[in-house]
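Chemist: Pasting start11.cif below, which is mmCIF, C-alpha atoms.
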data_model
loop_
_atom_site.group_PDB
_atom_site.id
_atom_site.type_symbol
_atom_site.label_atom_id
_atom_site.label_comp_id
_atom_site.auth_asym_id
_atom_site.auth_seq_id
_atom_site.Cartn_x
_atom_site.Cartn_y
_atom_site.Cartn_z
ATOM 1 C CA MET L 1237 8.029 -1.081 16.839
ATOM 2 C CA LYS L 1238 10.923 -0.052 19.034
ATOM 3 C CA ALA L 1239 14.651 -0.259 18.593
ATOM 4 C CA THR L 1240 15.749 -3.456 20.283
ATOM 5 C CA GLY L 1241 19.460 -2.817 20.776
ATOM 6 C CA PRO L 1242 22.579 -1.607 19.075
ATOM 7 C CA LYS L 1243 21.891 -3.540 15.859
ATOM 8 C CA ALA L 1244 18.490 -1.936 15.328
ATOM 9 C CA GLU L 1245 18.250 1.482 13.799
ATOM 10 C CA LEU L 1246 14.519 1.816 13.380
ATOM 11 C CA GLU L 1247 13.145 5.206 14.368
ATOM 12 C CA GLU L 1248 9.757 6.819 14.541
ATOM 13 C CA ILE L 1249 9.273 9.823 12.250
ATOM 14 C CA PRO L 1250 7.588 12.748 14.065
ATOM 15 C CA GLU L 1251 4.220 13.870 12.692
ATOM 16 C CA ALA L 1252 5.531 17.231 11.448
ATOM 17 C CA GLU L 1253 8.214 15.471 9.413
ATOM 18 C CA CYS L 1254 5.661 12.943 8.112
ATOM 19 C CA LEU L 1255 3.661 15.883 6.751
ATOM 20 C CA GLU L 1256 6.778 17.307 5.076
ATOM 21 C CA ILE L 1257 7.448 13.934 3.443
ATOM 22 C CA LEU L 1258 3.828 13.720 2.290
ATOM 23 C CA ASP L 1259 4.187 17.196 0.765
ATOM 24 C CA GLN L 1260 7.289 16.121 -1.158
ATOM 25 C CA HIS L 1261 5.672 13.112 -2.832
ATOM 26 C CA GLY L 1262 2.704 12.543 -5.096
ATOM 27 C CA LEU L 1263 2.132 8.817 -5.462
ATOM 28 C CA GLY L 1264 0.708 6.766 -2.607
ATOM 29 C CA ARG L 1265 -1.825 4.076 -1.873
ATOM 30 C CA ILE L 1266 -5.210 4.056 -0.248
ATOM 31 C CA ALA L 1267 -6.675 1.050 1.552
ATOM 32 C CA VAL L 1268 -10.437 0.792 1.720
ATOM 33 C CA VAL L 1269 -12.504 -1.960 3.293
ATOM 34 C CA VAL L 1270 -15.079 -3.548 0.996
ATOM 35 C CA GLU L 1271 -17.407 -5.871 2.932
ATOM 36 C CA GLY L 1272 -14.682 -6.790 5.405
ATOM 37 C CA GLN L 1273 -12.037 -7.239 2.712
ATOM 38 C CA PRO L 1274 -9.311 -4.571 2.575
ATOM 39 C CA GLN L 1275 -8.250 -3.467 -0.898
ATOM 40 C CA ILE L 1276 -5.238 -1.306 -1.816
ATOM 41 C CA PHE L 1277 -5.129 1.096 -4.775
ATOM 42 C CA PRO L 1278 -2.296 3.353 -5.927
ATOM 43 C CA VAL L 1279 -3.336 6.998 -6.297
ATOM 44 C CA ASN L 1280 -1.686 10.235 -7.298
ATOM 45 C CA TYR L 1281 -2.392 12.685 -4.522
ATOM 46 C CA ALA L 1282 -1.774 16.247 -3.429
ATOM 47 C CA MET L 1283 -1.822 17.770 0.029
ATOM 48 C CA SER L 1284 -3.839 20.746 1.230
ATOM 49 C CA GLY L 1285 -2.551 21.344 4.724
ATOM 50 C CA GLN L 1286 -3.063 18.000 6.428
ATOM 51 C CA ILE L 1287 -5.786 16.929 3.987
ATOM 52 C CA ILE L 1288 -4.899 14.340 1.332
ATOM 53 C CA ALA L 1289 -6.777 14.812 -1.934
ATOM 54 C CA PHE L 1290 -6.988 12.607 -5.000
ATOM 55 C CA ARG L 1291 -9.156 12.272 -8.072
ATOM 56 C CA THR L 1292 -11.021 9.133 -9.045
ATOM 57 C CA GLY L 1293 -13.617 7.713 -11.376
ATOM 58 C CA ALA L 1294 -16.645 5.659 -10.404
ATOM 59 C CA GLY L 1295 -15.470 2.447 -8.748
ATOM 60 C CA SER L 1296 -14.389 0.842 -5.474
ATOM 61 C CA LYS L 1297 -12.632 3.908 -4.107
ATOM 62 C CA LEU L 1298 -15.624 6.181 -4.660
ATOM 63 C CA SER L 1299 -18.187 3.580 -3.566
ATOM 64 C CA HIS L 1300 -16.482 2.509 -0.365
ATOM 65 C CA ALA L 1301 -14.117 5.236 0.828
ATOM 66 C CA PRO L 1302 -16.389 8.227 1.611
ATOM 67 C CA GLY L 1303 -17.677 8.160 5.185
ATOM 68 C CA SER L 1304 -15.451 5.206 6.018
ATOM 69 C CA LYS L 1305 -12.158 4.669 7.780
ATOM 70 C CA VAL L 1306 -9.350 4.433 5.254
ATOM 71 C CA CYS L 1307 -5.583 4.265 5.302
ATOM 72 C CA PHE L 1308 -3.136 6.107 3.082
ATOM 73 C CA GLU L 1309 0.508 5.128 2.816
ATOM 74 C CA ILE L 1310 3.715 6.120 1.051
ATOM 75 C CA ASP L 1311 7.068 4.413 1.332
ATOM 76 C CA GLU L 1312 10.475 4.243 -0.287
ATOM 77 C CA TYR L 1313 13.567 2.110 -0.065
ATOM 78 C CA ASP L 1314 16.862 3.442 -1.352
ATOM 79 C CA SER L 1315 19.043 0.358 -1.787
ATOM 80 C CA SER L 1316 22.258 2.306 -2.374
ATOM 81 C CA ALA L 1317 21.854 4.314 0.840
ATOM 82 C CA GLY L 1318 20.271 1.433 2.745
ATOM 83 C CA VAL L 1319 17.532 3.737 3.973
ATOM 84 C CA GLY L 1320 13.865 2.810 4.022
ATOM 85 C CA TRP L 1321 10.885 4.706 5.350
ATOM 86 C CA SER L 1322 7.111 4.681 5.351
ATOM 87 C CA VAL L 1323 4.443 7.159 6.339
ATOM 88 C CA MET L 1324 0.939 5.988 7.218
ATOM 89 C CA VAL L 1325 -2.137 8.171 7.536
ATOM 90 C CA GLN L 1326 -5.245 6.778 9.175
ATOM 91 C CA GLY L 1327 -8.428 8.743 8.772
ATOM 92 C CA VAL L 1328 -11.859 9.097 7.288
ATOM 93 C CA ALA L 1329 -12.535 9.702 3.611
ATOM 94 C CA VAL L 1330 -14.921 12.347 2.297
ATOM 95 C CA ASP L 1331 -16.439 12.735 -1.163
ATOM 96 C CA ALA L 1332 -15.158 16.257 -1.685
ATOM 97 C CA THR L 1333 -16.391 16.673 -5.242
ATOM 98 C CA GLU L 1334 -19.156 19.120 -4.380
ATOM 99 C CA SER L 1335 -19.519 19.069 -0.571
ATOM 100 C CA LEU L 1336 -19.377 22.386 1.238
ATOM 101 C CA ASP L 1337 -17.633 21.307 4.454
ATOM 102 C CA ASP L 1338 -14.170 22.615 5.366
ATOM 103 C CA VAL L 1339 -12.368 19.380 4.467
ATOM 104 C CA SER L 1340 -13.900 19.355 0.999
ATOM 105 C CA TRP L 1341 -13.040 23.002 0.393
ATOM 106 C CA ALA L 1342 -9.469 22.275 1.458
ATOM 107 C CA ALA L 1343 -9.342 19.236 -0.817
ATOM 108 C CA ARG L 1344 -10.517 21.259 -3.804
ATOM 109 C CA ALA L 1345 -7.619 23.683 -3.255
ATOM 110 C CA ALA L 1346 -5.175 20.827 -3.922
ATOM 111 C CA THR L 1347 -4.254 19.869 -7.468
ATOM 112 C CA PRO L 1348 -3.613 16.134 -7.687
ATOM 113 C CA TRP L 1349 -2.661 15.002 -11.165
ATOM 114 C CA PRO L 1350 -3.614 11.409 -12.021
ATOM 115 C CA LEU L 1351 -1.070 9.563 -14.155
ATOM 116 C CA ALA L 1352 -3.421 6.702 -14.999
ATOM 117 C CA PRO L 1353 -5.775 7.259 -17.936
ATOM 118 C CA GLY L 1354 -9.541 7.418 -17.664
ATOM 119 C CA ALA L 1355 -12.013 10.074 -16.567
ATOM 120 C CA LYS L 1356 -11.615 10.933 -12.884
ATOM 121 C CA PRO L 1357 -14.241 13.602 -12.256
ATOM 122 C CA PHE L 1358 -14.625 12.886 -8.534
ATOM 123 C CA ARG L 1359 -12.464 14.203 -5.765
ATOM 124 C CA VAL L 1360 -11.883 12.290 -2.539
ATOM 125 C CA ALA L 1361 -10.344 13.783 0.597
ATOM 126 C CA ILE L 1362 -8.835 12.006 3.568
ATOM 127 C CA GLU L 1363 -9.032 13.803 6.912
ATOM 128 C CA PRO L 1364 -6.249 12.332 9.060
ATOM 129 C CA SER L 1365 -6.922 11.075 12.566
ATOM 130 C CA LYS L 1366 -3.416 9.674 13.013
ATOM 131 C CA ILE L 1367 -0.178 10.244 11.116
ATOM 132 C CA THR L 1368 2.784 7.988 11.824
ATOM 133 C CA GLY L 1369 6.039 7.126 10.141
ATOM 134 C CA ARG L 1370 9.152 5.102 10.595
ATOM 135 C CA ARG L 1371 12.574 4.968 9.060
ATOM 136 C CA PHE L 1372 15.459 2.562 9.190
ATOM 137 C CA ARG L 1373 19.083 2.664 8.124
ATOM 138 C CA ARG L 1374 20.918 -0.500 7.356
ATOM 139 C CA ARG L 1375 24.460 -0.693 8.587
ATOM 140 C CA ALA L 1376 27.135 -1.279 5.989
ATOM 141 C CA MET C 413 -11.771 -0.015 -14.592
ATOM 142 C CA LYS C 414 -12.172 -0.328 -18.344
ATOM 143 C CA ALA C 415 -10.532 1.453 -21.215
ATOM 144 C CA THR C 416 -12.809 4.305 -22.162
ATOM 145 C CA GLY C 417 -11.624 5.071 -25.676
ATOM 146 C CA PRO C 418 -8.567 5.666 -27.784
ATOM 147 C CA LYS C 419 -6.914 7.916 -25.192
ATOM 148 C CA ALA C 420 -7.046 5.297 -22.450
ATOM 149 C CA GLU C 421 -4.438 2.591 -22.333
ATOM 150 C CA LEU C 422 -5.306 0.927 -19.079
ATOM 151 C CA GLU C 423 -5.243 -2.852 -19.249
ATOM 152 C CA GLU C 424 -5.956 -5.689 -16.881
ATOM 153 C CA ILE C 425 -2.975 -7.940 -16.145
ATOM 154 C CA PRO C 426 -3.923 -11.647 -16.337
ATOM 155 C CA GLU C 427 -3.522 -13.662 -13.123
ATOM 156 C CA ALA C 428 -0.640 -15.761 -14.466
ATOM 157 C CA GLU C 429 1.314 -12.625 -15.311
ATOM 158 C CA CYS C 430 0.467 -11.108 -11.913
ATOM 159 C CA LEU C 431 2.100 -14.156 -10.308
ATOM 160 C CA GLU C 432 5.199 -13.729 -12.487
ATOM 161 C CA ILE C 433 5.436 -10.080 -11.415
ATOM 162 C CA LEU C 434 5.021 -11.068 -7.761
ATOM 163 C CA ASP C 435 7.856 -13.589 -8.211
ATOM 164 C CA GLN C 436 10.142 -10.902 -9.618
ATOM 165 C CA HIS C 437 9.744 -8.499 -6.708
ATOM 166 C CA GLY C 438 10.356 -8.639 -2.979
ATOM 167 C CA LEU C 439 8.945 -5.496 -1.394
ATOM 168 C CA GLY C 440 5.205 -4.980 -1.049
ATOM 169 C CA ARG C 441 2.583 -3.841 1.401
ATOM 170 C CA ILE C 442 -0.012 -5.607 3.478
ATOM 171 C CA ALA C 443 -3.268 -4.020 4.608
ATOM 172 C CA VAL C 444 -4.860 -5.373 7.752
ATOM 173 C CA VAL C 445 -8.045 -4.189 9.427
ATOM 174 C CA VAL C 446 -7.684 -3.265 13.101
ATOM 175 C CA GLU C 447 -11.086 -2.651 14.723
ATOM 176 C CA GLY C 448 -12.549 -1.359 11.470
ATOM 177 C CA GLN C 449 -9.523 0.792 10.651
ATOM 178 C CA PRO C 450 -7.357 -0.411 7.748
ATOM 179 C CA GLN C 451 -3.609 -0.065 8.238
ATOM 180 C CA ILE C 452 -0.878 -0.510 5.611
ATOM 181 C CA PHE C 453 2.622 -1.836 6.338
ATOM 182 C CA PRO C 454 5.523 -2.371 3.930
ATOM 183 C CA VAL C 455 6.942 -5.912 4.069
ATOM 184 C CA ASN C 456 9.695 -7.831 2.351
ATOM 185 C CA TYR C 457 8.103 -10.978 0.985
ATOM 186 C CA ALA C 458 8.854 -14.127 -0.955
ATOM 187 C CA MET C 459 6.542 -16.360 -2.970
ATOM 188 C CA SER C 460 6.025 -20.089 -2.589
ATOM 189 C CA GLY C 461 3.780 -20.969 -5.492
ATOM 190 C CA GLN C 462 0.807 -18.658 -5.041
ATOM 191 C CA ILE C 463 1.459 -18.216 -1.306
ATOM 192 C CA ILE C 464 2.945 -14.913 -0.128
ATOM 193 C CA ALA C 465 5.227 -15.269 2.899
ATOM 194 C CA PHE C 466 6.833 -12.653 5.097
ATOM 195 C CA ARG C 467 8.494 -12.486 8.481
ATOM 196 C CA THR C 468 7.369 -10.243 11.300
ATOM 197 C CA GLY C 469 7.835 -9.466 14.981
ATOM 198 C CA ALA C 470 5.086 -9.126 17.561
ATOM 199 C CA GLY C 471 2.805 -6.226 16.573
ATOM 200 C CA SER C 472 -0.204 -5.202 14.520
ATOM 201 C CA LYS C 473 0.511 -7.522 11.616
ATOM 202 C CA LEU C 474 0.836 -10.604 13.807
ATOM 203 C CA SER C 475 -2.053 -9.642 16.101
ATOM 204 C CA HIS C 476 -4.560 -8.809 13.408
ATOM 205 C CA ALA C 477 -3.614 -10.549 10.159
ATOM 206 C CA PRO C 478 -3.865 -14.290 10.950
ATOM 207 C CA GLY C 479 -7.361 -15.638 10.324
ATOM 208 C CA SER C 480 -8.476 -12.353 8.809
ATOM 209 C CA LYS C 481 -8.991 -10.980 5.333
ATOM 210 C CA VAL C 482 -5.948 -9.008 4.243
ATOM 211 C CA CYS C 483 -4.722 -7.335 1.085
ATOM 212 C CA PHE C 484 -1.238 -7.415 -0.372
ATOM 213 C CA GLU C 485 -0.104 -4.998 -3.062
ATOM 214 C CA ILE C 486 2.932 -4.124 -5.152
ATOM 215 C CA ASP C 487 3.198 -1.333 -7.681
ATOM 216 C CA GLU C 488 5.710 0.589 -9.729
ATOM 217 C CA TYR C 489 5.774 3.679 -11.903
ATOM 218 C CA ASP C 490 8.583 4.171 -14.393
ATOM 219 C CA SER C 491 8.467 7.863 -15.233
ATOM 220 C CA SER C 492 10.910 7.610 -18.160
ATOM 221 C CA ALA C 493 8.881 4.866 -19.857
ATOM 222 C CA GLY C 494 5.549 6.293 -18.716
ATOM 223 C CA VAL C 495 4.464 2.837 -17.575
ATOM 224 C CA GLY C 496 2.737 2.162 -14.289
ATOM 225 C CA TRP C 497 1.315 -1.051 -12.910
ATOM 226 C CA SER C 498 -0.059 -2.550 -9.732
ATOM 227 C CA VAL C 499 -0.831 -6.080 -8.578
ATOM 228 C CA MET C 500 -3.296 -6.682 -5.747
ATOM 229 C CA VAL C 501 -3.775 -9.936 -3.872
ATOM 230 C CA GLN C 502 -6.826 -10.377 -1.689
ATOM 231 C CA GLY C 503 -6.844 -13.294 0.679
ATOM 232 C CA VAL C 504 -6.674 -14.636 4.192
ATOM 233 C CA ALA C 505 -3.566 -14.528 6.370
ATOM 234 C CA VAL C 506 -2.258 -17.487 8.339
ATOM 235 C CA ASP C 507 0.286 -17.566 11.178
ATOM 236 C CA ALA C 508 2.606 -20.021 9.464
ATOM 237 C CA THR C 509 5.330 -19.989 12.101
ATOM 238 C CA GLU C 510 4.600 -23.484 13.370
ATOM 239 C CA SER C 511 1.262 -24.543 11.886
ATOM 240 C CA LEU C 512 1.127 -27.838 10.037
ATOM 241 C CA ASP C 513 -1.385 -27.006 7.315
ATOM 242 C CA ASP C 514 -0.381 -26.960 3.643
ATOM 243 C CA VAL C 515 -0.310 -23.169 3.378
ATOM 244 C CA SER C 516 2.054 -22.902 6.342
ATOM 245 C CA TRP C 517 4.353 -25.585 4.976
ATOM 246 C CA ALA C 518 4.447 -23.776 1.648
ATOM 247 C CA ALA C 519 5.165 -20.475 3.404
ATOM 248 C CA ARG C 520 8.074 -21.980 5.311
ATOM 249 C CA ALA C 521 9.633 -23.064 2.005
ATOM 250 C CA ALA C 522 9.917 -19.406 0.991
ATOM 251 C CA THR C 523 12.840 -17.297 2.148
ATOM 252 C CA PRO C 524 11.734 -13.697 2.663
ATOM 253 C CA TRP C 525 14.552 -11.446 3.803
ATOM 254 C CA PRO C 526 13.463 -8.464 5.916
ATOM 255 C CA LEU C 527 15.413 -5.265 5.282
ATOM 256 C CA ALA C 528 14.125 -3.498 8.383
ATOM 257 C CA PRO C 529 15.961 -4.206 11.638
ATOM 258 C CA GLY C 530 14.461 -5.954 14.632
ATOM 259 C CA ALA C 531 13.714 -9.567 15.512
ATOM 260 C CA LYS C 532 11.117 -11.086 13.193
ATOM 261 C CA PRO C 533 10.728 -14.642 14.420
ATOM 262 C CA PHE C 534 7.172 -15.123 13.156
ATOM 263 C CA ARG C 535 6.157 -16.088 9.656
ATOM 264 C CA VAL C 536 2.882 -14.983 8.116
ATOM 265 C CA ALA C 537 1.400 -16.455 4.935
ATOM 266 C CA ILE C 538 -1.281 -15.033 2.696
ATOM 267 C CA GLU C 539 -3.427 -17.512 0.819
ATOM 268 C CA PRO C 540 -4.836 -15.635 -2.178
ATOM 269 C CA SER C 541 -8.536 -15.687 -2.972
ATOM 270 C CA LYS C 542 -8.241 -13.127 -5.781
ATOM 271 C CA ILE C 543 -5.243 -11.854 -7.740
ATOM 272 C CA THR C 544 -5.691 -8.852 -10.006
ATOM 273 C CA GLY C 545 -3.470 -6.348 -11.734
ATOM 274 C CA ARG C 546 -3.567 -3.415 -14.058
ATOM 275 C CA ARG C 547 -1.098 -1.531 -16.153
ATOM 276 C CA PHE C 548 -1.164 1.727 -18.052
ATOM 277 C CA ARG C 549 1.080 3.342 -20.603
ATOM 278 C CA ARG C 550 1.114 7.091 -21.015
ATOM 279 C CA ARG C 551 1.296 8.333 -24.563
ATOM 280 C CA ALA C 552 4.189 10.550 -25.457
#
Could you write out this file's structure as structure tokens?
Modeler:
Amino acid sequence: MKATGPKAELEEIPEAECLEILDQHGLGRIAVVVEGQPQIFPVNYAMSGQIIAFRTGAGSKLSHAPGSKVCFEIDEYDSSAGVGWSVMVQGVAVDATESLDDVSWAARAATPWPLAPGAKPFRVAIEPSKITGRRFRRRA
Amino acid sequence: MKATGPKAELEEIPEAECLEILDQHGLGRIAVVVEGQPQIFPVNYAMSGQIIAFRTGAGSKLSHAPGSKVCFEIDEYDSSAGVGWSVMVQGVAVDATESLDDVSWAARAATPWPLAPGAKPFRVAIEPSKITGRRFRRRA
């Protein structure tokens, strides 16, 4: 989306800044596609370089994310400042629990801490193919 | 996901309560699938019965959502109370800008108010096929 004139103050966030924002947060959402139907799940995550890592139990995320295209997103809207932003990561998920590839090793160096209860012995990594973000400021 | 013992306090939120929570909020996210790649976008929405309505400009949401399976999600984590929840709506999107079907009429009765700048002359509705939610409480 582009700015459409003086009233619009929507800007793209450069990739390097998107990565900084990802580093500064820990709660996001992953979208996975289950038989053509997208599903969105909140996850606590941690970064390892550009790799997003999170822990999970058996379930939709573990069954459908690894080897598939997924999306990861964080966003925030500060109503007092009138500033909103979102960062979106498109990529492929990997079951990094025990795999010996570079992405999995990187993912195991991260320390995501799940807030939700329940055993989460598996580790999933997302290797980004595209990182984008946008931010807007509302005028007073 | 089920509770796995006394330490777990993860509960399913009944559909009726999910709808109440959806009514009480106005900022969520839609996931659409673009050539096999899920993408997540924040949107300001409003409810009309069980129909989720939001406004949009030309772009990925308008090009890929209508007629397709989409997911809508809201979530919140209150760190002081240690309570987190999420509500997920799976369904099919409809371009409700001018269509004369019941879903589109219902969507036009809602009044979503976009915070982000830019012209958003189109209205998209999501007709839910499945509404689920879950909530957890962390023990002190």
Chemist: Run the PyMOL selection byres ((chain L) within 10 of (chain C)) on the file and write out the hits as a PyMOL selection string.
Modeler: chain L and resi 1237-1241+1243-1246+1263-1269+1272-1278+1293-1296+1304-1313+1315+1318-1328+1351-1355+1371-1375
Chemist: Interatomic distance between CA of Lys542 (chain C) and CA of Lys1356 (chain L)?
Modeler: 25.3 Å
Chemist: Between L:Ala1317, L:Arg1291, L:Pro1364, L:Thr1347, which is the closest to Thr1333 (chain L) once you count all atoms listed in the file?
Modeler: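 Looking at the shortest contact to Thr1333 (chain L), the residue is L:Arg1291.
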Chemist: Can you turn the PyMOL selection byres ((chain L and resi 1253) around 12) into a concrete residue list for this file, as a list in words?
Modeler: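 So the PyMOL selection byres ((chain L and resi 1253) around 12) ends up selecting Glu1248, Ile1249, Pro1250, Glu1251, Ala1252, Cys1254, Leu1255, Glu1256, Ile1257, Leu1258, Asp1259, Gln1260, Gln1286, Trp1321, Ser1322, Val1323, Ile1367, Thr1368, Gly1369, Arg1370 and Arg1371 of chain L.
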Chemist: Give me, please, the distance in Å between CA of Val506 (chain C) and CA of His437 (chain C), quoted to one decimal.
Modeler: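 Answer for the CA of Val506 (chain C) to CA of His437 (chain C) separation: 21.2 Å.
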Chemist: If you measure from CA of Gly479 (chain C) to CA of Ile538 (chain C), what distance in Å do you get, rounded to one decimal?
Modeler: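 Separating CA of Gly479 (chain C) from CA of Ile538 (chain C) is a distance of 9.8 Å.
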Chemist: Evaluate the PyMOL selection byres ((chain C and resi 466) around 9) against this structure - the residues, as a ChimeraX atom specification, please.
Modeler: /C:455-459,464-465,467-468,519,522-526,534-538
Chemist: Please complete region 1342-1360 of chain L so it has N, CA, C and O atoms, and hand it over as a PDB file, in the frame of the given file.
Modeler:
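Output saved as out-v9.pdb:
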ATOM      1  N   ALA L1342     -10.927  22.411   1.427  1.00  0.00           N
ATOM      2  CA  ALA L1342      -9.469  22.275   1.458  1.00  0.00           C
ATOM      3  C   ALA L1342      -9.007  21.327   0.349  1.00  0.00           C
ATOM      4  O   ALA L1342      -8.032  21.593  -0.362  1.00  0.00           O
ATOM      5  N   ALA L1343      -9.735  20.233   0.190  1.00  0.00           N
ATOM      6  CA  ALA L1343      -9.342  19.236  -0.817  1.00  0.00           C
ATOM      7  C   ALA L1343      -9.418  19.814  -2.231  1.00  0.00           C
ATOM      8  O   ALA L1343      -8.602  19.486  -3.090  1.00  0.00           O
ATOM      9  N   ARG L1344     -10.381  20.689  -2.457  1.00  0.00           N
ATOM     10  CA  ARG L1344     -10.517  21.259  -3.804  1.00  0.00           C
ATOM     11  C   ARG L1344      -9.446  22.301  -4.095  1.00  0.00           C
ATOM     12  O   ARG L1344      -9.236  22.686  -5.251  1.00  0.00           O
ATOM     13  N   ALA L1345      -8.737  22.752  -3.041  1.00  0.00           N
ATOM     14  CA  ALA L1345      -7.619  23.683  -3.255  1.00  0.00           C
ATOM     15  C   ALA L1345      -6.361  22.935  -3.701  1.00  0.00           C
ATOM     16  O   ALA L1345      -5.426  23.541  -4.216  1.00  0.00           O
ATOM     17  N   ALA L1346      -6.330  21.623  -3.507  1.00  0.00           N
ATOM     18  CA  ALA L1346      -5.175  20.827  -3.922  1.00  0.00           C
ATOM     19  C   ALA L1346      -5.322  20.447  -5.393  1.00  0.00           C
ATOM     20  O   ALA L1346      -6.428  20.430  -5.930  1.00  0.00           O
ATOM     21  N   THR L1347      -4.192  20.187  -6.034  1.00  0.00           N
ATOM     22  CA  THR L1347      -4.254  19.869  -7.468  1.00  0.00           C
ATOM     23  C   THR L1347      -3.562  18.539  -7.770  1.00  0.00           C
ATOM     24  O   THR L1347      -2.502  18.507  -8.375  1.00  0.00           O
ATOM     25  N   PRO L1348      -4.180  17.440  -7.349  1.00  0.00           N
ATOM     26  CA  PRO L1348      -3.613  16.134  -7.687  1.00  0.00           C
ATOM     27  C   PRO L1348      -3.697  15.896  -9.193  1.00  0.00           C
ATOM     28  O   PRO L1348      -4.651  16.349  -9.840  1.00  0.00           O
ATOM     29  N   TRP L1349      -2.702  15.225  -9.731  1.00  0.00           N
ATOM     30  CA  TRP L1349      -2.661  15.002 -11.165  1.00  0.00           C
ATOM     31  C   TRP L1349      -2.539  13.513 -11.445  1.00  0.00           C
ATOM     32  O   TRP L1349      -1.452  12.944 -11.336  1.00  0.00           O
ATOM     33  N   PRO L1350      -3.660  12.865 -11.815  1.00  0.00           N
ATOM     34  CA  PRO L1350      -3.614  11.409 -12.021  1.00  0.00           C
ATOM     35  C   PRO L1350      -2.747  11.039 -13.224  1.00  0.00           C
ATOM     36  O   PRO L1350      -2.873  11.644 -14.289  1.00  0.00           O
ATOM     37  N   LEU L1351      -1.868  10.064 -13.045  1.00  0.00           N
ATOM     38  CA  LEU L1351      -1.070   9.563 -14.155  1.00  0.00           C
ATOM     39  C   LEU L1351      -1.854   8.538 -14.970  1.00  0.00           C
ATOM     40  O   LEU L1351      -1.698   8.446 -16.180  1.00  0.00           O
ATOM     41  N   ALA L1352      -2.677   7.752 -14.300  1.00  0.00           N
ATOM     42  CA  ALA L1352      -3.421   6.702 -14.999  1.00  0.00           C
ATOM     43  C   ALA L1352      -4.507   7.330 -15.876  1.00  0.00           C
ATOM     44  O   ALA L1352      -5.081   8.357 -15.530  1.00  0.00           O
ATOM     45  N   PRO L1353      -4.753   6.719 -17.030  1.00  0.00           N
ATOM     46  CA  PRO L1353      -5.775   7.259 -17.936  1.00  0.00           C
ATOM     47  C   PRO L1353      -7.185   6.998 -17.415  1.00  0.00           C
ATOM     48  O   PRO L1353      -7.370   6.232 -16.469  1.00  0.00           O
ATOM     49  N   GLY L1354      -8.150   7.617 -18.051  1.00  0.00           N
ATOM     50  CA  GLY L1354      -9.541   7.418 -17.664  1.00  0.00           C
ATOM     51  C   GLY L1354     -10.082   8.660 -16.978  1.00  0.00           C
ATOM     52  O   GLY L1354      -9.357   9.376 -16.302  1.00  0.00           O
ATOM     53  N   ALA L1355     -11.382   8.912 -17.189  1.00  0.00           N
ATOM     54  CA  ALA L1355     -12.013  10.074 -16.567  1.00  0.00           C
ATOM     55  C   ALA L1355     -12.020   9.906 -15.053  1.00  0.00           C
ATOM     56  O   ALA L1355     -12.348   8.841 -14.543  1.00  0.00           O
ATOM     57  N   LYS L1356     -11.622  10.969 -14.354  1.00  0.00           N
ATOM     58  CA  LYS L1356     -11.615  10.933 -12.884  1.00  0.00           C
ATOM     59  C   LYS L1356     -12.259  12.217 -12.371  1.00  0.00           C
ATOM     60  O   LYS L1356     -11.582  13.086 -11.832  1.00  0.00           O
ATOM     61  N   PRO L1357     -13.577  12.330 -12.579  1.00  0.00           N
ATOM     62  CA  PRO L1357     -14.241  13.602 -12.256  1.00  0.00           C
ATOM     63  C   PRO L1357     -14.493  13.807 -10.765  1.00  0.00           C
ATOM     64  O   PRO L1357     -14.853  14.907 -10.362  1.00  0.00           O
ATOM     65  N   PHE L1358     -14.309  12.759  -9.958  1.00  0.00           N
ATOM     66  CA  PHE L1358     -14.625  12.886  -8.534  1.00  0.00           C
ATOM     67  C   PHE L1358     -13.369  13.165  -7.723  1.00  0.00           C
ATOM     68  O   PHE L1358     -12.271  12.776  -8.102  1.00  0.00           O
ATOM     69  N   ARG L1359     -13.581  13.869  -6.616  1.00  0.00           N
ATOM     70  CA  ARG L1359     -12.464  14.203  -5.765  1.00  0.00           C
ATOM     71  C   ARG L1359     -12.723  13.626  -4.368  1.00  0.00           C
ATOM     72  O   ARG L1359     -13.794  13.826  -3.809  1.00  0.00           O
ATOM     73  N   VAL L1360     -11.755  12.887  -3.863  1.00  0.00           N
ATOM     74  CA  VAL L1360     -11.883  12.290  -2.539  1.00  0.00           C
ATOM     75  C   VAL L1360     -10.845  12.929  -1.625  1.00  0.00           C
ATOM     76  O   VAL L1360      -9.704  13.175  -2.036  1.00  0.00           O
TER      77      VAL L1360
END
